[in-house]
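Quick look at coords_27.cif (mmCIF, C-alpha atoms, pLDDT in the B column; chains and numbers go by the auth columns):
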data_input
#
loop_
_atom_site.group_PDB
_atom_site.id
_atom_site.type_symbol
_atom_site.label_atom_id
_atom_site.label_comp_id
_atom_site.label_asym_id
_atom_site.label_seq_id
_atom_site.Cartn_x
_atom_site.Cartn_y
_atom_site.Cartn_z
_atom_site.B_iso_or_equiv
_atom_site.auth_seq_id
_atom_site.auth_asym_id
ATOM 1 C CA MET A 1 167.661 1.397 86.874 39.00 1 A
ATOM 2 C CA ALA A 2 167.540 4.727 85.012 41.00 2 A
ATOM 3 C CA LYS A 3 164.159 6.349 84.774 48.00 3 A
ATOM 4 C CA LYS A 4 162.745 6.283 81.252 54.00 4 A
ATOM 5 C CA LYS A 5 162.532 9.763 79.736 65.00 5 A
ATOM 6 C CA GLN A 6 158.993 10.939 79.064 75.00 6 A
ATOM 7 C CA LYS A 7 157.927 11.553 75.496 83.00 7 A
ATOM 8 C CA PHE A 8 154.982 13.543 74.176 89.00 8 A
ATOM 9 C CA TYR A 9 152.734 12.242 71.420 91.00 9 A
ATOM 10 C CA VAL A 10 150.949 14.432 68.888 91.00 10 A
ATOM 11 C CA VAL A 11 147.867 12.986 67.237 93.00 11 A
ATOM 12 C CA TRP A 12 146.716 15.106 64.307 93.00 12 A
ATOM 13 C CA PHE A 13 144.044 12.644 63.192 91.00 13 A
ATOM 14 C CA GLY A 14 142.597 10.306 65.784 91.00 14 A
ATOM 15 C CA ASN A 15 139.764 9.860 68.238 91.00 15 A
ATOM 16 C CA PRO A 16 140.399 12.248 69.839 92.00 16 A
ATOM 17 C CA ALA A 17 143.220 14.334 68.351 90.00 17 A
ATOM 18 C CA GLY A 18 145.537 16.145 70.749 91.00 18 A
ATOM 19 C CA ILE A 19 148.817 15.987 72.647 91.00 19 A
ATOM 20 C CA PHE A 20 149.333 13.051 74.990 92.00 20 A
ATOM 21 C CA GLY A 21 151.914 12.426 77.684 90.00 21 A
ATOM 22 C CA SER A 22 152.138 8.658 77.306 89.00 22 A
ATOM 23 C CA TRP A 23 152.121 6.017 74.594 90.00 23 A
ATOM 24 C CA ASP A 24 149.108 4.300 76.187 89.00 24 A
ATOM 25 C CA GLU A 25 147.013 7.470 75.821 92.00 25 A
ATOM 26 C CA CYS A 26 148.220 7.954 72.269 91.00 26 A
ATOM 27 C CA LYS A 27 147.471 4.324 71.386 92.00 27 A
ATOM 28 C CA ARG A 28 143.900 4.620 72.671 92.00 28 A
ATOM 29 C CA SER A 29 143.308 7.693 70.489 92.00 29 A
ATOM 30 C CA ILE A 30 144.536 6.050 67.271 92.00 30 A
ATOM 31 C CA GLN A 31 143.223 2.510 67.812 90.00 31 A
ATOM 32 C CA GLY A 32 140.755 1.606 65.092 89.00 32 A
ATOM 33 C CA VAL A 33 141.254 4.937 63.277 89.00 33 A
ATOM 34 C CA LYS A 34 142.121 4.301 59.627 89.00 34 A
ATOM 35 C CA GLY A 35 144.860 6.644 58.432 88.00 35 A
ATOM 36 C CA ALA A 36 145.660 7.915 61.934 90.00 36 A
ATOM 37 C CA GLN A 37 148.330 10.614 62.001 91.00 37 A
ATOM 38 C CA TYR A 38 150.688 10.714 64.968 91.00 38 A
ATOM 39 C CA LYS A 39 154.316 11.212 65.996 90.00 39 A
ATOM 40 C CA SER A 40 156.384 11.358 69.209 88.00 40 A
ATOM 41 C CA PHE A 41 158.459 14.323 70.401 85.00 41 A
ATOM 42 C CA GLU A 42 161.049 14.767 73.133 82.00 42 A
ATOM 43 C CA THR A 43 159.544 17.904 74.722 83.00 43 A
ATOM 44 C CA PHE A 44 156.086 19.398 75.195 84.00 44 A
ATOM 45 C CA ALA A 45 157.263 22.593 73.440 83.00 45 A
ATOM 46 C CA GLU A 46 158.125 20.600 70.310 83.00 46 A
ATOM 47 C CA ALA A 47 154.824 18.740 70.477 85.00 47 A
ATOM 48 C CA LYS A 48 152.824 21.950 70.865 88.00 48 A
ATOM 49 C CA THR A 49 154.560 23.526 67.866 86.00 49 A
ATOM 50 C CA ALA A 50 153.957 20.423 65.766 86.00 50 A
ATOM 51 C CA TYR A 51 150.283 20.163 66.731 87.00 51 A
ATOM 52 C CA ASN A 52 149.702 23.680 65.395 85.00 52 A
ATOM 53 C CA LYS A 53 151.170 22.677 62.038 86.00 53 A
ATOM 54 C CA GLU A 54 150.347 20.059 59.409 85.00 54 A
ATOM 55 C CA TYR A 55 151.208 16.375 59.785 85.00 55 A
ATOM 56 C CA SER A 56 152.771 16.462 56.303 83.00 56 A
ATOM 57 C CA GLU A 57 155.591 18.628 57.669 80.00 57 A
ATOM 58 C CA TYR A 58 156.629 15.841 60.049 81.00 58 A
ATOM 59 C CA LYS A 59 155.679 12.615 58.254 78.00 59 A
ATOM 60 C CA GLY A 60 158.718 10.425 57.768 70.00 60 A
ATOM 61 C CA LYS A 61 161.103 12.948 59.319 66.00 61 A
ATOM 62 C CA LYS A 62 163.258 12.368 62.366 58.00 62 A
ATOM 63 C CA SER A 63 162.789 14.663 65.337 56.00 63 A
ATOM 64 C CA LYS A 64 165.494 17.290 65.718 55.00 64 A
ATOM 65 C CA PRO A 65 167.946 16.913 68.621 51.00 65 A
ATOM 66 C CA VAL A 66 166.753 18.687 71.733 55.00 66 A
ATOM 67 C CA LEU A 67 168.545 20.387 74.585 62.00 67 A
ATOM 68 C CA SER A 68 169.416 18.509 77.749 67.00 68 A
ATOM 69 C CA GLN A 69 167.176 18.891 80.772 69.00 69 A
ATOM 70 C CA GLU A 70 169.950 20.823 82.513 74.00 70 A
ATOM 71 C CA LYS A 71 170.190 23.257 79.589 75.00 71 A
ATOM 72 C CA LEU A 72 166.427 23.691 79.487 72.00 72 A
ATOM 73 C CA GLN A 73 166.351 24.509 83.201 75.00 73 A
ATOM 74 C CA LEU A 74 169.183 27.003 82.737 79.00 74 A
ATOM 75 C CA ILE A 75 167.332 28.799 79.928 78.00 75 A
ATOM 76 C CA GLY A 76 164.063 28.845 81.849 82.00 76 A
ATOM 77 C CA GLU A 77 160.729 29.976 80.445 87.00 77 A
ATOM 78 C CA PRO A 78 160.110 32.906 78.070 90.00 78 A
ATOM 79 C CA ASN A 79 159.044 36.256 79.502 93.00 79 A
ATOM 80 C CA LEU A 80 155.409 36.580 78.438 93.00 80 A
ATOM 81 C CA TYR A 81 155.408 40.309 79.179 95.00 81 A
ATOM 82 C CA SER A 82 156.861 40.907 75.743 97.00 82 A
ATOM 83 C CA ILE A 83 156.237 41.041 72.032 97.00 83 A
ATOM 84 C CA ALA A 84 157.690 38.682 69.431 97.00 84 A
ATOM 85 C CA VAL A 85 158.571 39.444 65.815 97.00 85 A
ATOM 86 C CA ASP A 86 159.259 37.287 62.789 96.00 86 A
ATOM 87 C CA ALA A 87 159.400 37.343 58.995 94.00 87 A
ATOM 88 C CA ALA A 88 158.658 34.914 56.181 90.00 88 A
ATOM 89 C CA SER A 89 159.983 34.859 52.631 86.00 89 A
ATOM 90 C CA SER A 90 158.784 32.735 49.717 83.00 90 A
ATOM 91 C CA GLY A 91 162.100 32.426 47.916 76.00 91 A
ATOM 92 C CA ASN A 92 165.407 34.186 48.505 77.00 92 A
ATOM 93 C CA PRO A 93 164.763 36.762 47.285 85.00 93 A
ATOM 94 C CA GLY A 94 161.011 36.460 46.999 87.00 94 A
ATOM 95 C CA LYS A 95 157.765 37.776 48.428 90.00 95 A
ATOM 96 C CA MET A 96 158.428 38.725 52.029 93.00 96 A
ATOM 97 C CA GLU A 97 156.289 39.871 54.942 95.00 97 A
ATOM 98 C CA TYR A 98 156.815 40.449 58.639 96.00 98 A
ATOM 99 C CA ARG A 99 154.767 40.917 61.785 97.00 99 A
ATOM 100 C CA GLY A 100 154.796 41.414 65.534 97.00 100 A
ATOM 101 C CA VAL A 101 152.535 39.698 68.066 96.00 101 A
ATOM 102 C CA ASP A 102 151.821 39.687 71.776 96.00 102 A
ATOM 103 C CA THR A 103 153.939 36.784 73.034 94.00 103 A
ATOM 104 C CA GLN A 104 151.309 35.497 75.452 92.00 104 A
ATOM 105 C CA THR A 105 148.081 35.910 73.477 93.00 105 A
ATOM 106 C CA ARG A 106 149.617 35.777 69.966 91.00 106 A
ATOM 107 C CA LYS A 107 147.410 38.725 69.026 95.00 107 A
ATOM 108 C CA GLN A 108 148.873 40.412 65.960 96.00 108 A
ATOM 109 C CA LEU A 109 150.073 43.919 66.779 97.00 109 A
ATOM 110 C CA PHE A 110 151.415 44.926 63.372 97.00 110 A
ATOM 111 C CA HIS A 111 151.980 43.420 59.938 97.00 111 A
ATOM 112 C CA GLN A 112 153.672 44.636 56.762 95.00 112 A
ATOM 113 C CA GLY A 113 153.874 43.110 53.288 87.00 113 A
ATOM 114 C CA PRO A 114 154.125 41.178 51.226 93.00 114 A
ATOM 115 C CA PHE A 115 156.967 43.004 49.475 93.00 115 A
ATOM 116 C CA ASN A 116 158.469 41.966 46.151 87.00 116 A
ATOM 117 C CA GLN A 117 162.044 40.712 46.005 87.00 117 A
ATOM 118 C CA GLY A 118 162.749 40.662 49.725 91.00 118 A
ATOM 119 C CA THR A 119 164.731 38.331 51.959 92.00 119 A
ATOM 120 C CA ASN A 120 163.984 36.813 55.333 91.00 120 A
ATOM 121 C CA ASN A 121 166.895 38.655 56.967 94.00 121 A
ATOM 122 C CA ILE A 122 165.641 42.029 55.755 95.00 122 A
ATOM 123 C CA GLY A 123 162.197 41.138 57.060 96.00 123 A
ATOM 124 C CA GLU A 124 163.573 40.159 60.467 96.00 124 A
ATOM 125 C CA PHE A 125 165.476 43.462 60.631 98.00 125 A
ATOM 126 C CA LEU A 126 162.422 45.533 59.693 98.00 126 A
ATOM 127 C CA ALA A 127 160.251 43.591 62.142 98.00 127 A
ATOM 128 C CA LEU A 128 162.633 44.369 65.000 98.00 128 A
ATOM 129 C CA VAL A 129 162.837 48.077 64.191 98.00 129 A
ATOM 130 C CA HIS A 130 159.058 48.258 63.771 98.00 130 A
ATOM 131 C CA GLY A 131 158.695 46.535 67.139 98.00 131 A
ATOM 132 C CA LEU A 132 161.067 48.967 68.829 98.00 132 A
ATOM 133 C CA ALA A 133 159.189 51.939 67.374 97.00 133 A
ATOM 134 C CA PHE A 134 155.853 50.376 68.348 97.00 134 A
ATOM 135 C CA LEU A 135 156.895 49.892 71.969 98.00 135 A
ATOM 136 C CA LYS A 136 158.393 53.370 72.221 97.00 136 A
ATOM 137 C CA LYS A 137 155.272 54.980 70.739 96.00 137 A
ATOM 138 C CA ASN A 138 153.129 53.137 73.291 96.00 138 A
ATOM 139 C CA ASN A 139 155.520 53.960 76.152 96.00 139 A
ATOM 140 C CA SER A 140 155.792 50.233 76.892 96.00 140 A
ATOM 141 C CA ASP A 141 158.505 48.623 79.019 96.00 141 A
ATOM 142 C CA ARG A 142 158.013 45.172 77.504 97.00 142 A
ATOM 143 C CA ILE A 143 160.957 43.315 75.984 97.00 143 A
ATOM 144 C CA ILE A 144 161.070 42.162 72.376 98.00 144 A
ATOM 145 C CA TYR A 145 161.948 38.670 71.107 97.00 145 A
ATOM 146 C CA SER A 146 163.509 37.757 67.773 97.00 146 A
ATOM 147 C CA ASP A 147 164.841 34.378 66.657 93.00 147 A
ATOM 148 C CA SER A 148 167.335 35.972 64.243 94.00 148 A
ATOM 149 C CA LYS A 149 170.894 36.584 65.484 94.00 149 A
ATOM 150 C CA ILE A 150 171.648 38.319 62.186 95.00 150 A
ATOM 151 C CA ALA A 151 168.800 40.818 62.524 96.00 151 A
ATOM 152 C CA ILE A 152 169.650 41.511 66.172 97.00 152 A
ATOM 153 C CA GLY A 153 173.228 42.259 65.117 96.00 153 A
ATOM 154 C CA TRP A 154 172.085 44.568 62.307 97.00 154 A
ATOM 155 C CA VAL A 155 169.853 46.506 64.684 97.00 155 A
ATOM 156 C CA LYS A 156 172.678 46.928 67.199 96.00 156 A
ATOM 157 C CA ARG A 157 174.906 48.262 64.403 96.00 157 A
ATOM 158 C CA LYS A 158 172.028 50.385 63.064 97.00 158 A
ATOM 159 C CA LYS A 159 172.645 49.039 59.581 96.00 159 A
ATOM 160 C CA CYS A 160 170.791 46.526 57.400 96.00 160 A
ATOM 161 C CA ASN A 161 173.854 44.763 56.035 94.00 161 A
ATOM 162 C CA THR A 162 172.063 42.906 53.231 93.00 162 A
ATOM 163 C CA LYS A 163 173.802 41.875 50.021 91.00 163 A
ATOM 164 C CA LEU A 164 170.571 42.165 48.074 91.00 164 A
ATOM 165 C CA ASN A 165 170.848 44.678 45.237 91.00 165 A
ATOM 166 C CA ARG A 166 168.393 47.551 44.963 92.00 166 A
ATOM 167 C CA THR A 167 166.154 47.313 41.920 91.00 167 A
ATOM 168 C CA ALA A 168 162.983 48.919 40.654 90.00 168 A
ATOM 169 C CA ARG A 169 161.048 45.876 41.900 89.00 169 A
ATOM 170 C CA ASN A 170 162.181 46.228 45.514 92.00 170 A
ATOM 171 C CA LYS A 171 162.279 50.039 45.727 93.00 171 A
ATOM 172 C CA VAL A 172 159.371 50.165 48.206 94.00 172 A
ATOM 173 C CA LEU A 173 161.149 47.647 50.443 95.00 173 A
ATOM 174 C CA PHE A 174 164.453 49.516 50.407 95.00 174 A
ATOM 175 C CA ASP A 175 162.677 52.799 51.098 96.00 175 A
ATOM 176 C CA LEU A 176 161.417 51.120 54.266 96.00 176 A
ATOM 177 C CA VAL A 177 164.929 49.875 55.076 97.00 177 A
ATOM 178 C CA ASP A 178 166.240 53.438 54.746 97.00 178 A
ATOM 179 C CA ARG A 179 163.514 54.691 57.082 97.00 179 A
ATOM 180 C CA ALA A 180 164.344 51.950 59.599 98.00 180 A
ATOM 181 C CA GLU A 181 168.054 52.814 59.596 98.00 181 A
ATOM 182 C CA THR A 182 167.240 56.496 60.007 98.00 182 A
ATOM 183 C CA TRP A 183 164.959 55.698 62.939 98.00 183 A
ATOM 184 C CA LEU A 184 167.729 53.747 64.669 97.00 184 A
ATOM 185 C CA LYS A 185 170.210 56.589 64.176 97.00 185 A
ATOM 186 C CA THR A 186 167.857 59.330 65.388 97.00 186 A
ATOM 187 C CA ASN A 187 166.057 57.597 68.255 97.00 187 A
ATOM 188 C CA THR A 188 167.020 56.195 71.620 95.00 188 A
ATOM 189 C CA TYR A 189 165.228 53.289 73.270 95.00 189 A
ATOM 190 C CA SER A 190 165.503 51.260 76.459 94.00 190 A
ATOM 191 C CA THR A 191 163.758 48.154 75.113 97.00 191 A
ATOM 192 C CA LYS A 192 165.675 44.949 75.735 97.00 192 A
ATOM 193 C CA ILE A 193 166.114 42.798 72.619 97.00 193 A
ATOM 194 C CA VAL A 194 166.255 39.094 73.510 96.00 194 A
ATOM 195 C CA LYS A 195 167.046 36.042 71.373 95.00 195 A
ATOM 196 C CA TRP A 196 164.123 33.597 71.264 94.00 196 A
ATOM 197 C CA GLU A 197 165.326 30.120 72.300 89.00 197 A
ATOM 198 C CA THR A 198 163.646 28.001 69.633 85.00 198 A
ATOM 199 C CA LYS A 199 165.215 24.705 70.755 80.00 199 A
ATOM 200 C CA ALA A 200 163.814 25.191 74.243 82.00 200 A
ATOM 201 C CA TRP A 201 160.499 26.916 73.574 84.00 201 A
ATOM 202 C CA GLY A 202 159.466 25.863 70.066 82.00 202 A
ATOM 203 C CA GLU A 203 158.805 28.254 67.210 86.00 203 A
ATOM 204 C CA ILE A 204 158.558 31.940 68.049 91.00 204 A
ATOM 205 C CA PRO A 205 154.892 33.019 68.512 91.00 205 A
ATOM 206 C CA ALA A 206 155.118 35.390 65.515 94.00 206 A
ATOM 207 C CA ASP A 207 156.130 32.510 63.216 90.00 207 A
ATOM 208 C CA PHE A 208 154.188 32.283 59.952 84.00 208 A
ATOM 209 C CA GLY A 209 154.237 28.477 59.995 71.00 209 A
ATOM 210 C CA ARG A 210 155.866 27.983 56.596 57.00 210 A
ATOM 211 C CA LYS A 211 158.993 26.007 57.541 51.00 211 A
#

Please, can you express the file's structure as structure tokens?
Amino acid sequence: MAKKKQKFYVVWFGNPAGIFGSWDECKRSIQGVKGAQYKSFETFAEAKTAYNKEYSEYKGKKSKPVLSQEKLQLIGEPNLYSIAVDAASSGNPGKMEYRGVDTQTRKQLFHQGPFNQGTNNIGEFLALVHGLAFLKKNNSDRIIYSDSKIAIGWVKRKKCNTKLNRTARNKVLFDLVDRAETWLKTNTYSTKIVKWETKAWGEIPADFGRK
């Protein structure tokens, strides 16, 4: 008989709230609690990400497909000797900001914005370049994580290939883009840029939690 796959249960509102490794534990925490908020997830990484967000983001929604155990083992765990960058945009275009954090402690290392009339891709690009400059300035040999394939590609080509038009409203943002492109063309760096494996590890630590 095949072994039943373990699930992880997030209880946002219960007695107590938390993440539980079995249905029995989850049931005990929600029993007798009016309006208890809970949901099951396939991996601990998914559960941890969900617990740090609001129940309303998951209520009534199906869990996303997860990677196989073999794939998860192949990917391994993230390198915590690193920094992680991310961006968030309210609208496309809209108000945009970006930041970089210590992957292990989640301590914010830098933050810029919000900027008017920006896009998430531009923010991801700027965050990566800012992170590269930050690590070089501090003579650090840490790697840098980004969850954006587009931004990683732009950085490698040293060009922010956005289709967003320059306007008076986003002049400050595009001035920063110009500076970032110039930095890439006039500086060398040995920092390794690595794609963050969201499906295996959950949301990137620099995530703004607005999905």

Can you give me, as a compact mmCIF listing (two decimals) with C-alpha atoms, in the frame of the given file, the residues this file yields under the PyMOL selection byres ((chain A and resi 75-85) around 7)?
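Listing of expr.txt after writing:
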# COMPACT_ATOMS: atom_id res chain seq x y z
CA LYS A 71 170.19 23.26 79.59
CA LEU A 72 166.43 23.69 79.49
CA GLN A 73 166.35 24.51 83.20
CA LEU A 74 169.18 27.00 82.74
CA ASP A 86 159.26 37.29 62.79
CA ARG A 99 154.77 40.92 61.78
CA GLY A 100 154.80 41.41 65.53
CA VAL A 101 152.54 39.70 68.07
CA ASP A 102 151.82 39.69 71.78
CA THR A 103 153.94 36.78 73.03
CA GLN A 104 151.31 35.50 75.45
CA ALA A 127 160.25 43.59 62.14
CA LEU A 128 162.63 44.37 65.00
CA ARG A 142 158.01 45.17 77.50
CA ILE A 143 160.96 43.32 75.98
CA ILE A 144 161.07 42.16 72.38
CA TYR A 145 161.95 38.67 71.11
CA SER A 146 163.51 37.76 67.77
CA ILE A 204 158.56 31.94 68.05
CA PRO A 205 154.89 33.02 68.51
CA ALA A 206 155.12 35.39 65.52

- Task: Rank A:Glu203, A:Glu25, A:Glu97, A:Asp147 by their smallest atom-to-atom distance to Glu46 (chain A), using all atoms listed in the file, and report the top residue only.
- Result: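 Using all atoms listed in the file, Glu46 (chain A) sits closest to A:Glu203.
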
- Query: Any chance you could work out the residue set of the PyMOL selection byres ((chain A and resi 89-94) around 12) here, as an NGL selection string?
  - Reply: :A and (86-88 or 95-98 or 113-124 or 162-167 or 169-170 or 173 or 207-211)

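CA of Lys158 (chain A) is found 14.8 Å from CA of Thr191 (chain A).
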
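Excluding Phe8 (chain A) itself and any same-chain residue fewer than 5 positions from it, the protein and nucleic acid residues within 7 Å of it, counting all atoms listed in the file, are Ile19, Phe20, Gly21, Ser22, Ser40, Phe41, Glu42, Thr43, Phe44 and Ala47 of chain A.
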
- Task: Counting all atoms listed in the file, figure out which residue out of A:Val11, A:Val172, A:Leu135, A:Ala50 gets nearest to Gly35 (chain A).
- Result: A:Val11

- Item | Minimum-distance residue to Lys7 (chain A), chosen among A:Lys171, A:Lys34, A:Asp141, A:Lys39 (using only C-alpha atoms) |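 Of A:Lys171, A:Lys34, A:Asp141, A:Lys39, the one nearest Lys7 (chain A) is A:Lys39, counting only C-alpha atoms.
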
- Query: Given the file above and the PyMOL selection byres ((chain A and resi 155) around 12), which residues are selected, and can you give them as a ChimeraX atom specification?
  - Reply: /A:121-122,124-132,146,148-154,156-161,177,180-185,189,192-193

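When CA of Phe13 (chain A) is paired with CA of Val33 (chain A), their separation reads 8.2 Å.
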
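Pairwise distance (CA of Val10 (chain A), CA of Glu70 (chain A)) equals 24.2 Å.
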
Box along x, y and z, 4 Å on every side, all listed atoms of region 3-21 of chain A inside: centre and edge lengths in Å to one decimal, as AutoDock Vina command-line options.
--center_x 152.0 --center_y 11.2 --center_z 74.0 --size_x 32.4 --size_y 17.9 --size_z 29.6

Residues within 10 Å of (154.2, 17.2, 61.1), counting all atoms listed in the file, listed as a compact mmCIF listing (two decimals) with C-alpha atoms, keeping the file's coordinate frame:
# COMPACT_ATOMS: atom_id res chain seq x y z
CA VAL A 10 150.95 14.43 68.89
CA VAL A 11 147.87 12.99 67.24
CA TRP A 12 146.72 15.11 64.31
CA GLN A 37 148.33 10.61 62.00
CA TYR A 38 150.69 10.71 64.97
CA LYS A 39 154.32 11.21 66.00
CA ALA A 47 154.82 18.74 70.48
CA THR A 49 154.56 23.53 67.87
CA ALA A 50 153.96 20.42 65.77
CA TYR A 51 150.28 20.16 66.73
CA ASN A 52 149.70 23.68 65.40
CA LYS A 53 151.17 22.68 62.04
CA GLU A 54 150.35 20.06 59.41
CA TYR A 55 151.21 16.38 59.78
CA SER A 56 152.77 16.46 56.30
CA GLU A 57 155.59 18.63 57.67
CA TYR A 58 156.63 15.84 60.05
CA LYS A 59 155.68 12.62 58.25
CA GLY A 60 158.72 10.42 57.77
CA LYS A 61 161.10 12.95 59.32
CA SER A 63 162.79 14.66 65.34
